[in-house]
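Data first, discussion second: the structure below is written as structure tokens.
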Amino acid sequence: MSQTQNDVQKTPGQNGARNYSGVQTYQGGCSCGAVRYEADLDLSNVGRCNCTFCTKYGTTGAIIKPAAFRLLSGKEQLSQYGREGTPNQRSFCKRCGVHCFSEGDLPELGGAFCSVNINTLDDVDPTHLTIGYWDGRNDNWQAGMRPSPWPFKS
Ligand SMILES: [Zn+2]
């Protein structure tokens, strides 16, 4: 069978990984399948955070503008959780408990944002990604991401 154009685009990179650089549209969802979403992400820019939420949840996030995130299904299945008095809310599937994304507003991150938990993306192997680290526990957002994890107390 001859190779089609579609096969060529799916050819893995030299290390066996898909090419994740640049903004691409990905789909993802929770474990039980109730919550499904689509997002325009650059997976060369993903990070973990040491804040009390992210440490317990074990998420790896890609921060995007809210307009780059589209919930496809499961709105009625979502529950929100966050610190009282802040606009930063994490969404969970009420059935399987998986946290797919959060929404918030931080001036240091350019205002309103959505953070997608890239562990919930379809067909993305996080071990092929370079992870950066935020010092969210100390609200040290202006420091940006660095290559090694921040201690709880900076
Ligand atoms: Zn679910």
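Simple scheme: letters A, B, ... for chains in structure tokens order, numbers from 1 for residues in each chain, numbers from 1 for ligands in the order shown.
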
Throw together the list of residues within 10 Å of ligand 1, counting only C-alpha atoms and all ligand atoms, and drop it here as a list in words.
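Using only C-alpha atoms and all ligand atoms, I find these residues within 10 Å of ligand 1: Gly29, Cys30, Ser31, Cys32, Gly33, Ala34, Val35, Arg36, Gly74, Gln77, Leu78, Phe92, Cys93, Lys94, Arg95, Cys96, Gly97, Val98, His99 and Cys100 of chain A.
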
Selected residues written out, C-alpha atoms, as an mmCIF file, in the first residue's frame:
data_model
loop_
_atom_site.group_PDB
_atom_site.id
_atom_site.type_symbol
_atom_site.label_atom_id
_atom_site.label_comp_id
_atom_site.auth_asym_id
_atom_site.auth_seq_id
_atom_site.Cartn_x
_atom_site.Cartn_y
_atom_site.Cartn_z
ATOM 1 C CA GLY A 29 -10.763 14.373 28.620
ATOM 2 C CA CYS A 30 -11.315 12.776 31.981
ATOM 3 C CA SER A 31 -10.969 9.085 32.738
ATOM 4 C CA CYS A 32 -14.638 8.098 32.441
ATOM 5 C CA GLY A 33 -15.143 10.048 29.214
ATOM 6 C CA ALA A 34 -17.864 12.413 30.455
ATOM 7 C CA VAL A 35 -15.681 15.519 30.182
ATOM 8 C CA ARG A 36 -14.167 16.188 26.758
ATOM 9 C CA GLY A 74 -19.521 17.208 30.304
ATOM 10 C CA GLN A 77 -20.493 16.740 35.166
ATOM 11 C CA LEU A 78 -17.980 19.347 36.364
ATOM 12 C CA PHE A 92 -13.132 18.118 38.221
ATOM 13 C CA CYS A 93 -15.268 15.391 36.803
ATOM 14 C CA LYS A 94 -17.762 14.512 39.550
ATOM 15 C CA ARG A 95 -17.824 10.886 38.433
ATOM 16 C CA CYS A 96 -14.144 9.905 38.045
ATOM 17 C CA GLY A 97 -12.465 12.772 39.927
ATOM 18 C CA VAL A 98 -10.034 13.704 37.169
ATOM 19 C CA HIS A 99 -8.941 17.314 37.004
ATOM 20 C CA CYS A 100 -8.703 18.355 33.336
#

Could you write out, as a ChimeraX atom specification, all the residues of segment 37-86 of chain A that DSSP marks as strand (DSSP E)?
/A:37-41,46-49,61-64,69-73,78-81

Once you have the residues from the selection above, write them out as a PDB file, in the first residue's frame, restricted to N, CA and C atoms.
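For reference, selection23.pdb as written:
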ATOM      1  N   TYR A  37     -12.681  17.918  25.947  1.00  0.00           N
ATOM      2  CA  TYR A  37     -12.339  19.283  25.583  1.00  0.00           C
ATOM      3  C   TYR A  37     -11.353  19.294  24.416  1.00  0.00           C
ATOM      4  N   GLU A  38     -11.163  20.490  23.895  1.00  0.00           N
ATOM      5  CA  GLU A  38     -10.216  20.733  22.814  1.00  0.00           C
ATOM      6  C   GLU A  38      -9.458  22.005  23.185  1.00  0.00           C
ATOM      7  N   ALA A  39      -8.151  22.038  22.921  1.00  0.00           N
ATOM      8  CA  ALA A  39      -7.376  23.224  23.288  1.00  0.00           C
ATOM      9  C   ALA A  39      -6.224  23.429  22.320  1.00  0.00           C
ATOM     10  N   ASP A  40      -5.903  24.701  22.094  1.00  0.00           N
ATOM     11  CA  ASP A  40      -4.766  25.065  21.242  1.00  0.00           C
ATOM     12  C   ASP A  40      -3.569  25.289  22.160  1.00  0.00           C
ATOM     13  N   LEU A  41      -2.594  24.383  22.090  1.00  0.00           N
ATOM     14  CA  LEU A  41      -1.497  24.367  23.061  1.00  0.00           C
ATOM     15  C   LEU A  41      -0.141  24.311  22.380  1.00  0.00           C
ATOM     16  N   VAL A  46       5.365  23.705  28.994  1.00  0.00           N
ATOM     17  CA  VAL A  46       4.490  23.149  30.016  1.00  0.00           C
ATOM     18  C   VAL A  46       5.213  23.139  31.355  1.00  0.00           C
ATOM     19  N   GLY A  47       4.444  23.170  32.437  1.00  0.00           N
ATOM     20  CA  GLY A  47       5.093  23.260  33.734  1.00  0.00           C
ATOM     21  C   GLY A  47       4.338  22.625  34.878  1.00  0.00           C
ATOM     22  N   ARG A  48       5.110  22.329  35.917  1.00  0.00           N
ATOM     23  CA  ARG A  48       4.525  21.882  37.174  1.00  0.00           C
ATOM     24  C   ARG A  48       4.686  23.001  38.189  1.00  0.00           C
ATOM     25  N   CYS A  49       3.853  22.985  39.194  1.00  0.00           N
ATOM     26  CA  CYS A  49       3.841  24.034  40.199  1.00  0.00           C
ATOM     27  C   CYS A  49       3.917  23.386  41.572  1.00  0.00           C
ATOM     28  N   GLY A  61       0.808  21.464  33.769  1.00  0.00           N
ATOM     29  CA  GLY A  61      -0.100  22.379  33.101  1.00  0.00           C
ATOM     30  C   GLY A  61       0.481  23.100  31.901  1.00  0.00           C
ATOM     31  N   ALA A  62      -0.395  23.416  30.972  1.00  0.00           N
ATOM     32  CA  ALA A  62      -0.074  24.315  29.865  1.00  0.00           C
ATOM     33  C   ALA A  62      -1.014  25.506  30.003  1.00  0.00           C
ATOM     34  N   ILE A  63      -0.452  26.688  30.156  1.00  0.00           N
ATOM     35  CA  ILE A  63      -1.254  27.882  30.399  1.00  0.00           C
ATOM     36  C   ILE A  63      -1.576  28.578  29.077  1.00  0.00           C
ATOM     37  N   ILE A  64      -2.852  28.813  28.852  1.00  0.00           N
ATOM     38  CA  ILE A  64      -3.310  29.424  27.595  1.00  0.00           C
ATOM     39  C   ILE A  64      -4.364  30.485  27.894  1.00  0.00           C
ATOM     40  N   PHE A  69      -9.355  27.464  24.747  1.00  0.00           N
ATOM     41  CA  PHE A  69      -9.909  26.239  25.368  1.00  0.00           C
ATOM     42  C   PHE A  69     -11.382  26.112  25.032  1.00  0.00           C
ATOM     43  N   ARG A  70     -11.805  24.934  24.618  1.00  0.00           N
ATOM     44  CA  ARG A  70     -13.205  24.702  24.277  1.00  0.00           C
ATOM     45  C   ARG A  70     -13.700  23.417  24.940  1.00  0.00           C
ATOM     46  N   LEU A  71     -14.660  23.562  25.846  1.00  0.00           N
ATOM     47  CA  LEU A  71     -15.265  22.389  26.465  1.00  0.00           C
ATOM     48  C   LEU A  71     -16.221  21.759  25.458  1.00  0.00           C
ATOM     49  N   LEU A  72     -16.030  20.494  25.146  1.00  0.00           N
ATOM     50  CA  LEU A  72     -16.847  19.827  24.137  1.00  0.00           C
ATOM     51  C   LEU A  72     -18.034  19.100  24.763  1.00  0.00           C
ATOM     52  N   SER A  73     -17.832  18.537  25.936  1.00  0.00           N
ATOM     53  CA  SER A  73     -18.934  17.848  26.614  1.00  0.00           C
ATOM     54  C   SER A  73     -18.640  17.729  28.101  1.00  0.00           C
ATOM     55  N   LEU A  78     -19.123  18.683  35.741  1.00  0.00           N
ATOM     56  CA  LEU A  78     -17.980  19.347  36.364  1.00  0.00           C
ATOM     57  C   LEU A  78     -18.310  19.936  37.727  1.00  0.00           C
ATOM     58  N   SER A  79     -17.332  19.835  38.609  1.00  0.00           N
ATOM     59  CA  SER A  79     -17.404  20.498  39.907  1.00  0.00           C
ATOM     60  C   SER A  79     -16.173  21.393  40.014  1.00  0.00           C
ATOM     61  N   GLN A  80     -16.320  22.562  40.674  1.00  0.00           N
ATOM     62  CA  GLN A  80     -15.194  23.486  40.787  1.00  0.00           C
ATOM     63  C   GLN A  80     -14.673  23.528  42.211  1.00  0.00           C
ATOM     64  N   TYR A  81     -13.360  23.723  42.312  1.00  0.00           N
ATOM     65  CA  TYR A  81     -12.736  23.828  43.621  1.00  0.00           C
ATOM     66  C   TYR A  81     -11.614  24.853  43.581  1.00  0.00           C
TER      67      TYR A  81
END

Can you pull out the residues contacting segment 128-143 of chain A? Cut-off 12 Å, using only C-alpha atoms, and skip same-chain residues under 2 positions away; I want them as a VMD selection string.
chain A and resid 12 to 21 42 to 55 59 to 63 106 to 110 118 to 119 123 to 126 145 to 154

Take atom CA of Phe101 of chain A and atom CA of Tyr26 of chain A and report the distance between them in Å, one decimal.
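Between atom CA of Phe101 of chain A and atom CA of Tyr26 of chain A the gap is 13.4 Å.
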
Can you work out which one of A:Gly28, A:Pro66, A:Gly104, A:Gly111 has the shortest atom-to-atom distance to Gly82 of chain A, counting only C-alpha atoms?
A:Gly104

Run DSSP on the backbone and tell me which residues of chain A come out as helix (DSSP H, G or I); list them as a PyMOL selection string.
chain A and resi 5-9+52-57+66-68+75-77+107-109+118-120+126-128+136-138+141-143

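Taking atom CA of Ala67 of chain A and atom CA of Thr127 of chain A as endpoints, the distance between them is 27.2 Å.
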